[in-house]
>>> print(open('entry-v4.txt').read())   # compact mmCIF, N, CA, C and O atoms
# COMPACT_ATOMS: atom_id res chain seq x y z
N LEU A 1463 1.42 9.66 6.84
CA LEU A 1463 0.94 9.51 5.47
C LEU A 1463 0.62 8.05 5.17
O LEU A 1463 -0.36 7.75 4.52
N LYS A 1464 1.43 7.15 5.72
CA LYS A 1464 1.18 5.73 5.48
C LYS A 1464 -0.19 5.33 6.03
O LYS A 1464 -0.97 4.68 5.36
N THR A 1465 -0.49 5.75 7.26
CA THR A 1465 -1.79 5.44 7.86
C THR A 1465 -2.90 6.08 7.05
O THR A 1465 -3.93 5.46 6.79
N PHE A 1466 -2.72 7.31 6.63
CA PHE A 1466 -3.71 8.02 5.84
C PHE A 1466 -4.04 7.23 4.58
O PHE A 1466 -5.21 7.04 4.25
N ASN A 1467 -3.04 6.74 3.87
CA ASN A 1467 -3.26 6.01 2.62
C ASN A 1467 -3.87 4.64 2.84
O ASN A 1467 -4.51 4.10 1.95
N GLN A 1468 -3.68 4.05 4.02
CA GLN A 1468 -4.22 2.73 4.29
C GLN A 1468 -5.71 2.78 4.62
O GLN A 1468 -6.38 1.78 4.59
N ARG A 1469 -6.20 3.95 4.94
CA ARG A 1469 -7.61 4.08 5.29
C ARG A 1469 -8.44 4.08 4.02
O ARG A 1469 -7.95 3.85 2.93
N THR A 1470 -9.70 4.40 4.16
CA THR A 1470 -10.62 4.32 3.02
C THR A 1470 -10.72 5.64 2.27
O THR A 1470 -11.62 5.83 1.48
N TYR A 1471 -9.78 6.54 2.52
CA TYR A 1471 -9.80 7.82 1.83
C TYR A 1471 -9.40 7.63 0.37
O TYR A 1471 -8.64 6.73 0.03
N PRO A 1472 -9.91 8.51 -0.48
CA PRO A 1472 -9.43 8.48 -1.87
C PRO A 1472 -7.92 8.71 -1.88
O PRO A 1472 -7.39 9.37 -0.99
N ARG A 1473 -7.24 8.18 -2.83
CA ARG A 1473 -5.79 8.34 -2.92
C ARG A 1473 -5.39 9.80 -2.94
O ARG A 1473 -4.44 10.20 -2.31
N GLU A 1474 -6.11 10.60 -3.68
CA GLU A 1474 -5.79 12.01 -3.76
C GLU A 1474 -7.06 12.82 -3.57
O GLU A 1474 -8.07 12.56 -4.20
N TYR A 1475 -6.98 13.77 -2.69
CA TYR A 1475 -8.09 14.70 -2.50
C TYR A 1475 -7.90 15.87 -3.46
O TYR A 1475 -6.80 16.38 -3.62
N ALA A 1476 -8.99 16.29 -4.05
CA ALA A 1476 -8.94 17.51 -4.86
C ALA A 1476 -8.80 18.69 -3.91
O ALA A 1476 -9.19 18.62 -2.75
N PHE A 1477 -8.24 19.78 -4.39
CA PHE A 1477 -8.08 20.97 -3.58
C PHE A 1477 -9.44 21.38 -3.02
O PHE A 1477 -10.42 21.48 -3.75
N GLY A 1478 -9.51 21.58 -1.72
CA GLY A 1478 -10.75 21.99 -1.08
C GLY A 1478 -11.70 20.86 -0.75
O GLY A 1478 -12.77 21.09 -0.19
N GLN A 1479 -11.33 19.63 -1.07
CA GLN A 1479 -12.19 18.48 -0.78
C GLN A 1479 -12.29 18.29 0.73
O GLN A 1479 -11.32 18.43 1.44
N TYR A 1480 -13.45 17.96 1.19
CA TYR A 1480 -13.65 17.71 2.61
C TYR A 1480 -13.93 16.23 2.83
O TYR A 1480 -14.16 15.48 1.89
N SER A 1481 -13.94 15.83 4.09
CA SER A 1481 -14.13 14.42 4.42
C SER A 1481 -15.50 14.19 5.06
O SER A 1481 -16.32 15.10 5.17
N ASP A 1482 -15.71 12.98 5.51
CA ASP A 1482 -16.97 12.62 6.15
C ASP A 1482 -17.22 13.43 7.42
O ASP A 1482 -18.37 13.68 7.76
N ASP A 1483 -16.18 13.86 8.11
CA ASP A 1483 -16.40 14.64 9.33
C ASP A 1483 -17.13 15.94 9.03
O ASP A 1483 -18.06 16.33 9.74
N THR A 1484 -16.75 16.60 7.96
CA THR A 1484 -17.44 17.82 7.55
C THR A 1484 -18.85 17.49 7.09
O THR A 1484 -19.81 18.17 7.43
N GLN A 1485 -18.99 16.41 6.34
CA GLN A 1485 -20.32 16.01 5.88
C GLN A 1485 -21.23 15.69 7.06
O GLN A 1485 -22.39 16.09 7.07
N PHE A 1486 -20.73 14.97 8.04
CA PHE A 1486 -21.53 14.62 9.22
C PHE A 1486 -21.95 15.89 9.96
O PHE A 1486 -23.07 15.98 10.46
N SER A 1487 -21.07 16.87 10.03
CA SER A 1487 -21.40 18.14 10.69
C SER A 1487 -22.52 18.86 9.94
O SER A 1487 -23.45 19.37 10.57
N ILE A 1488 -22.43 18.90 8.64
CA ILE A 1488 -23.46 19.55 7.83
C ILE A 1488 -24.80 18.84 7.99
O ILE A 1488 -25.85 19.48 8.15
N ILE A 1489 -24.77 17.52 7.98
CA ILE A 1489 -25.99 16.74 8.13
C ILE A 1489 -26.59 16.97 9.53
O ILE A 1489 -27.81 17.11 9.67
N LEU A 1490 -25.74 17.04 10.55
CA LEU A 1490 -26.23 17.32 11.91
C LEU A 1490 -26.89 18.69 11.96
O LEU A 1490 -27.97 18.86 12.52
N MET A 1491 -26.26 19.68 11.34
CA MET A 1491 -26.82 21.03 11.33
C MET A 1491 -28.17 21.05 10.60
O MET A 1491 -29.12 21.69 11.08
N LYS A 1492 -28.27 20.35 9.49
CA LYS A 1492 -29.54 20.29 8.76
C LYS A 1492 -30.63 19.64 9.62
O LYS A 1492 -31.77 20.11 9.65
N SER A 1493 -30.27 18.58 10.32
CA SER A 1493 -31.22 17.90 11.18
C SER A 1493 -31.70 18.84 12.29
O SER A 1493 -32.90 18.91 12.58
N ILE A 1494 -30.77 19.55 12.92
CA ILE A 1494 -31.13 20.48 13.99
C ILE A 1494 -32.06 21.57 13.45
O ILE A 1494 -33.07 21.91 14.08
N ILE A 1495 -31.75 22.11 12.29
CA ILE A 1495 -32.57 23.17 11.71
C ILE A 1495 -33.97 22.66 11.38
O ILE A 1495 -34.98 23.28 11.70
N GLU A 1496 -34.04 21.49 10.76
CA GLU A 1496 -35.35 20.94 10.37
C GLU A 1496 -36.19 20.52 11.57
O GLU A 1496 -37.40 20.73 11.59
N CYS A 1497 -35.56 19.93 12.57
CA CYS A 1497 -36.29 19.42 13.74
C CYS A 1497 -36.40 20.45 14.86
O CYS A 1497 -37.14 20.24 15.82
N LYS A 1498 -35.61 21.51 14.75
CA LYS A 1498 -35.55 22.56 15.77
C LYS A 1498 -35.08 22.03 17.13
O LYS A 1498 -35.42 22.58 18.17
N ARG A 1499 -34.31 20.96 17.08
CA ARG A 1499 -33.73 20.36 18.28
C ARG A 1499 -32.78 19.25 17.85
O ARG A 1499 -32.72 18.91 16.66
N ILE A 1500 -32.06 18.70 18.81
CA ILE A 1500 -31.24 17.52 18.53
C ILE A 1500 -32.18 16.33 18.47
O ILE A 1500 -32.90 16.04 19.42
N ASP A 1501 -32.20 15.65 17.34
CA ASP A 1501 -33.04 14.47 17.16
C ASP A 1501 -32.14 13.35 16.65
O ASP A 1501 -31.88 13.25 15.45
N PRO A 1502 -31.63 12.52 17.56
CA PRO A 1502 -30.69 11.47 17.15
C PRO A 1502 -31.23 10.55 16.06
O PRO A 1502 -30.49 10.14 15.17
N GLN A 1503 -32.53 10.24 16.10
CA GLN A 1503 -33.09 9.34 15.10
C GLN A 1503 -33.13 9.99 13.72
O GLN A 1503 -32.86 9.34 12.71
N ASP A 1504 -33.48 11.27 13.67
CA ASP A 1504 -33.48 11.98 12.39
C ASP A 1504 -32.07 12.07 11.84
O ASP A 1504 -31.84 11.86 10.65
N TYR A 1505 -31.12 12.39 12.72
CA TYR A 1505 -29.71 12.49 12.32
C TYR A 1505 -29.23 11.16 11.76
O TYR A 1505 -28.63 11.10 10.68
N LEU A 1506 -29.51 10.07 12.46
CA LEU A 1506 -29.12 8.75 12.00
C LEU A 1506 -29.77 8.42 10.66
O LEU A 1506 -29.11 7.91 9.76
N LYS A 1507 -31.04 8.72 10.53
CA LYS A 1507 -31.74 8.46 9.27
C LYS A 1507 -31.06 9.18 8.11
O LYS A 1507 -30.86 8.60 7.04
N LYS A 1508 -30.69 10.43 8.33
CA LYS A 1508 -30.02 11.21 7.29
C LYS A 1508 -28.63 10.62 6.96
O LYS A 1508 -28.24 10.55 5.80
N LEU A 1509 -27.91 10.22 7.98
CA LEU A 1509 -26.58 9.62 7.76
C LEU A 1509 -26.69 8.33 6.96
O LEU A 1509 -25.93 8.10 6.02
N LEU A 1510 -27.63 7.48 7.36
CA LEU A 1510 -27.81 6.21 6.66
C LEU A 1510 -28.22 6.42 5.20
O LEU A 1510 -27.78 5.70 4.31
N LYS A 1511 -29.06 7.42 4.97
CA LYS A 1511 -29.48 7.74 3.60
C LYS A 1511 -28.29 8.16 2.75
O LYS A 1511 -28.12 7.69 1.61
N GLU A 1512 -27.44 9.03 3.29
CA GLU A 1512 -26.27 9.49 2.54
C GLU A 1512 -25.28 8.35 2.33
O GLU A 1512 -24.65 8.26 1.28
N ASN A 1513 -25.15 7.47 3.32
CA ASN A 1513 -24.25 6.33 3.17
C ASN A 1513 -24.77 5.38 2.09
O ASN A 1513 -24.00 4.92 1.24
N LYS A 1514 -26.07 5.11 2.11
CA LYS A 1514 -26.66 4.22 1.11
C LYS A 1514 -26.48 4.77 -0.29
O LYS A 1514 -26.23 4.03 -1.24
N ALA A 1515 -26.55 6.09 -0.42
CA ALA A 1515 -26.38 6.73 -1.73
C ALA A 1515 -24.91 6.87 -2.11
O ALA A 1515 -24.60 7.38 -3.18
N LYS A 1516 -24.02 6.40 -1.24
CA LYS A 1516 -22.57 6.46 -1.47
C LYS A 1516 -22.08 7.90 -1.61
O LYS A 1516 -21.18 8.18 -2.39
N ASN A 1517 -22.68 8.80 -0.84
CA ASN A 1517 -22.31 10.21 -0.91
C ASN A 1517 -21.28 10.62 0.15
O ASN A 1517 -20.86 11.77 0.15
N LEU A 1518 -20.93 9.72 1.04
CA LEU A 1518 -19.99 10.08 2.11
C LEU A 1518 -18.56 9.78 1.66
O LEU A 1518 -18.27 8.73 1.10
N ILE A 1519 -17.68 10.73 1.93
CA ILE A 1519 -16.30 10.65 1.46
C ILE A 1519 -15.35 10.35 2.62
O ILE A 1519 -15.41 11.01 3.65
N GLY A 1520 -14.49 9.38 2.46
CA GLY A 1520 -13.43 9.14 3.42
C GLY A 1520 -13.85 8.51 4.72
O GLY A 1520 -13.27 8.79 5.77
N LEU A 1521 -14.86 7.66 4.69
CA LEU A 1521 -15.29 7.01 5.92
C LEU A 1521 -14.17 6.17 6.52
O LEU A 1521 -13.48 5.45 5.81
N GLY A 1522 -14.04 6.25 7.83
CA GLY A 1522 -13.09 5.41 8.53
C GLY A 1522 -13.63 4.00 8.70
O GLY A 1522 -14.82 3.73 8.51
N ARG A 1523 -12.76 3.12 9.07
CA ARG A 1523 -13.11 1.70 9.24
C ARG A 1523 -14.24 1.51 10.26
O ARG A 1523 -15.17 0.74 10.03
N ASN A 1524 -14.17 2.20 11.39
CA ASN A 1524 -15.18 2.03 12.43
C ASN A 1524 -16.54 2.55 11.99
O ASN A 1524 -17.57 1.92 12.28
N THR A 1525 -16.57 3.66 11.30
CA THR A 1525 -17.83 4.19 10.80
C THR A 1525 -18.44 3.22 9.81
O THR A 1525 -19.65 2.97 9.81
N ARG A 1526 -17.62 2.65 8.96
CA ARG A 1526 -18.12 1.64 8.01
C ARG A 1526 -18.73 0.45 8.74
O ARG A 1526 -19.79 -0.04 8.35
N LYS A 1527 -18.07 0.00 9.80
CA LYS A 1527 -18.59 -1.14 10.58
C LYS A 1527 -19.97 -0.82 11.14
O LYS A 1527 -20.87 -1.66 11.12
N ILE A 1528 -20.12 0.38 11.65
CA ILE A 1528 -21.40 0.78 12.22
C ILE A 1528 -22.48 0.82 11.15
O ILE A 1528 -23.58 0.30 11.33
N PHE A 1529 -22.18 1.43 10.00
CA PHE A 1529 -23.17 1.48 8.92
C PHE A 1529 -23.52 0.09 8.41
O PHE A 1529 -24.67 -0.19 8.10
N GLU A 1530 -22.53 -0.79 8.31
CA GLU A 1530 -22.78 -2.16 7.86
C GLU A 1530 -23.69 -2.88 8.85
O GLU A 1530 -24.59 -3.63 8.46
N ALA A 1531 -23.48 -2.66 10.14
CA ALA A 1531 -24.31 -3.29 11.16
C ALA A 1531 -25.76 -2.79 11.05
O ALA A 1531 -26.71 -3.58 11.13
N TYR A 1532 -25.94 -1.49 10.85
CA TYR A 1532 -27.30 -0.96 10.66
C TYR A 1532 -27.95 -1.55 9.42
O TYR A 1532 -29.13 -1.89 9.43
N ALA A 1533 -27.20 -1.69 8.35
CA ALA A 1533 -27.74 -2.24 7.10
C ALA A 1533 -28.21 -3.68 7.30
O ALA A 1533 -29.16 -4.12 6.65
N LYS A 1534 -27.56 -4.40 8.20
CA LYS A 1534 -27.92 -5.80 8.48
C LYS A 1534 -28.87 -5.92 9.66
O LYS A 1534 -29.13 -7.03 10.13
N ASN A 1535 -29.36 -4.78 10.16
CA ASN A 1535 -30.25 -4.76 11.33
C ASN A 1535 -29.62 -5.42 12.56
O ASN A 1535 -30.30 -6.06 13.35
N GLN A 1536 -28.30 -5.29 12.69
CA GLN A 1536 -27.61 -5.82 13.85
C GLN A 1536 -27.67 -4.81 14.99
O GLN A 1536 -27.85 -3.62 14.78
N ASP A 1537 -27.50 -5.33 16.21
CA ASP A 1537 -27.47 -4.47 17.39
C ASP A 1537 -26.13 -3.77 17.44
O ASP A 1537 -25.11 -4.38 17.76
N VAL A 1538 -26.12 -2.50 17.12
CA VAL A 1538 -24.88 -1.73 17.05
C VAL A 1538 -24.22 -1.62 18.43
O VAL A 1538 -23.01 -1.55 18.54
N SER A 1539 -25.02 -1.65 19.49
CA SER A 1539 -24.45 -1.54 20.84
C SER A 1539 -23.56 -2.73 21.17
O SER A 1539 -22.76 -2.66 22.10
N GLN A 1540 -23.68 -3.81 20.41
CA GLN A 1540 -22.86 -4.99 20.66
C GLN A 1540 -21.50 -4.94 19.97
O GLN A 1540 -20.66 -5.80 20.18
N LEU A 1541 -21.29 -3.94 19.13
CA LEU A 1541 -20.00 -3.80 18.47
C LEU A 1541 -18.94 -3.45 19.51
O LEU A 1541 -19.18 -2.63 20.39
N THR A 1542 -17.80 -4.07 19.40
CA THR A 1542 -16.72 -3.79 20.35
C THR A 1542 -15.53 -3.19 19.62
O THR A 1542 -15.43 -3.27 18.40
N ASN A 1543 -14.65 -2.60 20.37
CA ASN A 1543 -13.44 -1.98 19.83
C ASN A 1543 -13.75 -0.90 18.80
O ASN A 1543 -13.04 -0.74 17.82
N ILE A 1544 -14.83 -0.19 19.02
CA ILE A 1544 -15.20 0.92 18.14
C ILE A 1544 -14.89 2.22 18.88
O ILE A 1544 -15.41 2.48 19.95
N SER A 1545 -14.02 2.99 18.31
CA SER A 1545 -13.72 4.30 18.88
C SER A 1545 -13.43 5.26 17.74
O SER A 1545 -12.99 4.85 16.67
N SER A 1546 -13.71 6.52 17.99
CA SER A 1546 -13.53 7.51 16.95
C SER A 1546 -13.46 8.89 17.57
O SER A 1546 -13.99 9.12 18.65
N ASN A 1547 -12.81 9.80 16.90
CA ASN A 1547 -12.81 11.18 17.37
C ASN A 1547 -13.76 12.03 16.53
O ASN A 1547 -13.87 13.22 16.73
N GLY A 1548 -14.47 11.42 15.60
CA GLY A 1548 -15.39 12.15 14.74
C GLY A 1548 -16.48 12.87 15.51
O GLY A 1548 -16.84 14.00 15.20
N SER A 1549 -17.01 12.20 16.52
CA SER A 1549 -18.06 12.83 17.33
C SER A 1549 -17.54 14.09 18.01
O SER A 1549 -18.25 15.09 18.11
N LEU A 1550 -16.31 14.04 18.46
CA LEU A 1550 -15.70 15.22 19.08
C LEU A 1550 -15.63 16.37 18.07
O LEU A 1550 -15.89 17.53 18.41
N MET A 1551 -15.33 16.05 16.83
CA MET A 1551 -15.22 17.09 15.81
C MET A 1551 -16.55 17.75 15.49
O MET A 1551 -16.60 18.85 14.96
N ARG A 1552 -17.65 17.06 15.80
CA ARG A 1552 -18.97 17.64 15.54
C ARG A 1552 -19.56 18.33 16.77
O ARG A 1552 -20.59 18.98 16.67
N SER A 1553 -18.91 18.21 17.91
CA SER A 1553 -19.47 18.76 19.15
C SER A 1553 -19.59 20.26 19.15
O SER A 1553 -20.44 20.81 19.86
N TRP A 1554 -18.80 20.96 18.37
CA TRP A 1554 -18.86 22.43 18.36
C TRP A 1554 -20.24 22.92 17.97
O TRP A 1554 -20.69 23.98 18.41
N ILE A 1555 -20.95 22.17 17.15
CA ILE A 1555 -22.27 22.57 16.69
C ILE A 1555 -23.24 22.68 17.86
O ILE A 1555 -24.13 23.52 17.86
N ILE A 1556 -23.04 21.85 18.87
CA ILE A 1556 -23.95 21.81 20.02
C ILE A 1556 -24.00 23.17 20.72
O ILE A 1556 -25.03 23.55 21.26
N GLY A 1557 -22.92 23.92 20.67
CA GLY A 1557 -22.90 25.24 21.28
C GLY A 1557 -23.90 26.20 20.68
O GLY A 1557 -24.30 27.17 21.31
N PHE A 1558 -24.34 25.94 19.45
CA PHE A 1558 -25.36 26.78 18.82
C PHE A 1558 -26.77 26.41 19.28
O PHE A 1558 -27.71 27.16 19.08
N VAL A 1559 -26.90 25.23 19.88
CA VAL A 1559 -28.21 24.74 20.28
C VAL A 1559 -28.55 25.13 21.71
O VAL A 1559 -29.70 25.42 22.02
N SER A 1560 -27.55 25.16 22.57
CA SER A 1560 -27.80 25.45 23.98
C SER A 1560 -26.56 26.05 24.63
O SER A 1560 -25.44 25.81 24.19
N ASN A 1561 -26.79 26.81 25.67
CA ASN A 1561 -25.67 27.31 26.47
C ASN A 1561 -25.71 26.72 27.88
O ASN A 1561 -24.97 27.12 28.74
N ASP A 1562 -26.60 25.76 28.09
CA ASP A 1562 -26.72 25.06 29.36
C ASP A 1562 -25.72 23.89 29.37
O ASP A 1562 -25.78 23.01 28.51
N LYS A 1563 -24.82 23.88 30.35
CA LYS A 1563 -23.75 22.87 30.40
C LYS A 1563 -24.31 21.44 30.38
O LYS A 1563 -23.81 20.58 29.65
N ASN A 1564 -25.34 21.17 31.16
CA ASN A 1564 -25.91 19.82 31.21
C ASN A 1564 -26.54 19.42 29.88
O ASN A 1564 -26.42 18.28 29.45
N LYS A 1565 -27.21 20.38 29.24
CA LYS A 1565 -27.80 20.10 27.92
C LYS A 1565 -26.71 19.85 26.88
O LYS A 1565 -26.84 18.97 26.04
N ILE A 1566 -25.66 20.66 26.95
CA ILE A 1566 -24.55 20.48 26.00
C ILE A 1566 -23.96 19.08 26.13
O ILE A 1566 -23.70 18.40 25.13
N LEU A 1567 -23.76 18.62 27.35
CA LEU A 1567 -23.23 17.26 27.56
C LEU A 1567 -24.20 16.21 27.04
O LEU A 1567 -23.81 15.25 26.37
N GLN A 1568 -25.49 16.40 27.33
CA GLN A 1568 -26.50 15.45 26.87
C GLN A 1568 -26.55 15.41 25.34
O GLN A 1568 -26.53 14.34 24.74
N TYR A 1569 -26.61 16.58 24.71
CA TYR A 1569 -26.70 16.65 23.25
C TYR A 1569 -25.44 16.11 22.59
O TYR A 1569 -25.51 15.47 21.54
N SER A 1570 -24.31 16.35 23.20
CA SER A 1570 -23.03 15.85 22.64
C SER A 1570 -23.03 14.33 22.63
O SER A 1570 -22.59 13.72 21.67
N ARG A 1571 -23.51 13.74 23.71
CA ARG A 1571 -23.60 12.27 23.75
C ARG A 1571 -24.57 11.76 22.69
O ARG A 1571 -24.31 10.74 22.04
N GLN A 1572 -25.69 12.43 22.54
CA GLN A 1572 -26.71 11.97 21.59
C GLN A 1572 -26.21 12.02 20.14
O GLN A 1572 -26.48 11.12 19.37
N GLN A 1573 -25.50 13.08 19.79
CA GLN A 1573 -25.07 13.17 18.40
C GLN A 1573 -23.96 12.19 18.13
O GLN A 1573 -23.80 11.71 17.07
>>> encode(input="entry-v4.txt", output="structure tokens")
Amino acid sequence: LKTFNQRTYPREYAFGQYSDDTQFSIILMKSIIECKRIDPQDYLKKLLKENKAKNLIGLGRNTRKIFEAYAKNQDVSQLTNISSNGSLMRSWIIGFVSNDKNKILQYSRQQ
């Protein structure tokens, strides 16, 4: 609980409130539906738009760093000590896109 409160989450979640991981999953699904494929650039564009509009809830420190770097046109690949399990939480969606093991691995990395 101490770690939870130290993060950027609201102090109290309303019943049924979801976090950025759910939002990222929904945005990924919308991107896949609209593009009819995994399109990392479209997905990123949608994420950045939602972040700029301050619509994302409970962003972790590392996700904030990445968004801040994009806002400053910095090379995100140069960021160090960035790790997250959020991408893992969105990987289940990839199973709806393909049943080919190699494609699933490729798409999982891209998202």
>>> atom_distance(input="entry-v4.txt", atom1="atom CA of Lys1498 of chain A", atom2="atom O of Ser1560 of chain A")
13.6 Å
>>> closest_atom_pairs(input="entry-v4.txt", of="segment 1474-1521 of chain A", to="segment 1549-1559 of chain A", cutoff="8 Å", atoms="all atoms listed in the file", output="tab-separated table")
residue	atom	partner	partner_atom	distance
A:Asp1483	O	A:Met1551	O	6.0
A:Thr1484	N	A:Met1551	O	7.4
A:Phe1486	C	A:Arg1552	CA	6.6
A:Ser1487	CA	A:Arg1552	CA	5.4
A:Ile1488	N	A:Arg1552	CA	7.8
A:Leu1490	CA	A:Arg1552	O	7.6
A:Met1491	CA	A:Ile1555	CA	7.2
A:Lys1498	O	A:Val1559	O	7.5
A:Arg1499	CA	A:Val1559	CA	7.3
A:Ile1500	N	A:Val1559	CA	7.3
>>> atom_distance(input="entry-v4.txt", atom1="atom CA of Ile1519 of chain A", atom2="atom CA of Ser1493 of chain A")
19.2 Å
>>> atom_distance(input="entry-v4.txt", atom1="atom CA of Arg1571 of chain A", atom2="atom CA of Asn1517 of chain A")
24.8 Å
>>> select_by_dssp(input="entry-v4.txt", residues="segment 1464-1564 of chain A", states="helix (DSSP H, G or I)", output="JSON, numbers by chain")
{"A": [1464, 1465, 1466, 1467, 1468, 1482, 1483, 1484, 1485, 1486, 1487, 1488, 1489, 1490, 1491, 1492, 1493, 1494, 1495, 1496, 1497, 1502, 1503, 1504, 1505, 1506, 1507, 1508, 1509, 1510, 1511, 1512, 1513, 1514, 1523, 1524, 1525, 1526, 1527, 1528, 1529, 1530, 1531, 1532, 1533, 1538, 1539, 1540, 1548, 1549, 1550, 1551, 1552, 1553, 1554, 1555, 1556, 1557, 1558, 1563, 1564]}
>>> closest_residue(input="entry-v4.txt", among="A:Pro1502, A:Ala1533, A:Lys1511, A:Gly1548", to="Asp1482 of chain A", atoms="only N, CA, C and O atoms")
A:Gly1548
>>> closest_residue(input="entry-v4.txt", among="A:Gln1485, A:Asn1513, A:Gln1479, A:Gln1503", to="Gln1572 of chain A", atoms="only C-alpha atoms")
A:Gln1503
>>> residues_near_point(input="entry-v4.txt", point="(-22.7, -0.3, 13.4)", cutoff="6 Å", atoms="all atoms listed in the file", output="count of residues only")
10
>>> decode(input="entry-v4.txt", residues="segment 1490-1503 of chain A", atoms="N, CA, C and O atoms", output="compact mmCIF listing (two decimals), in the first residue's frame")
# COMPACT_ATOMS: atom_id res chain seq x y z
N LEU A 1490 -5.26 0.37 -27.68
CA LEU A 1490 -4.65 -0.59 -28.61
C LEU A 1490 -5.72 -1.30 -29.43
O LEU A 1490 -5.59 -1.44 -30.65
N MET A 1491 -6.79 -1.72 -28.78
CA MET A 1491 -7.87 -2.40 -29.50
C MET A 1491 -8.51 -1.47 -30.53
O MET A 1491 -8.78 -1.89 -31.66
N LYS A 1492 -8.72 -0.21 -30.18
CA LYS A 1492 -9.28 0.74 -31.13
C LYS A 1492 -8.36 0.92 -32.33
O LYS A 1492 -8.82 0.98 -33.48
N SER A 1493 -7.07 1.01 -32.07
CA SER A 1493 -6.10 1.16 -33.15
C SER A 1493 -6.13 -0.05 -34.07
O SER A 1493 -6.14 0.10 -35.30
N ILE A 1494 -6.16 -1.25 -33.50
CA ILE A 1494 -6.20 -2.47 -34.30
C ILE A 1494 -7.47 -2.50 -35.15
O ILE A 1494 -7.43 -2.82 -36.35
N ILE A 1495 -8.59 -2.15 -34.57
CA ILE A 1495 -9.87 -2.16 -35.30
C ILE A 1495 -9.84 -1.15 -36.45
O ILE A 1495 -10.21 -1.44 -37.58
N GLU A 1496 -9.38 0.06 -36.16
CA GLU A 1496 -9.36 1.11 -37.18
C GLU A 1496 -8.36 0.83 -38.29
O GLU A 1496 -8.64 1.07 -39.46
N CYS A 1497 -7.19 0.32 -37.93
CA CYS A 1497 -6.13 0.08 -38.92
C CYS A 1497 -6.19 -1.33 -39.52
O CYS A 1497 -5.49 -1.61 -40.49
N LYS A 1498 -6.97 -2.19 -38.89
CA LYS A 1498 -7.09 -3.59 -39.30
C LYS A 1498 -5.75 -4.34 -39.22
O LYS A 1498 -5.52 -5.30 -39.94
N ARG A 1499 -4.90 -3.87 -38.33
CA ARG A 1499 -3.60 -4.50 -38.09
C ARG A 1499 -2.94 -3.80 -36.90
O ARG A 1499 -3.45 -2.78 -36.42
N ILE A 1500 -1.82 -4.34 -36.46
CA ILE A 1500 -1.03 -3.66 -35.44
C ILE A 1500 -0.28 -2.53 -36.13
O ILE A 1500 0.48 -2.76 -37.07
N ASP A 1501 -0.51 -1.31 -35.70
CA ASP A 1501 0.17 -0.15 -36.27
C ASP A 1501 0.78 0.63 -35.11
O ASP A 1501 0.10 1.45 -34.48
N PRO A 1502 2.05 0.37 -34.81
CA PRO A 1502 2.67 1.03 -33.65
C PRO A 1502 2.60 2.55 -33.69
O PRO A 1502 2.41 3.19 -32.66
N GLN A 1503 2.72 3.15 -34.87
CA GLN A 1503 2.67 4.61 -34.95
C GLN A 1503 1.28 5.15 -34.65
O GLN A 1503 1.15 6.18 -33.99
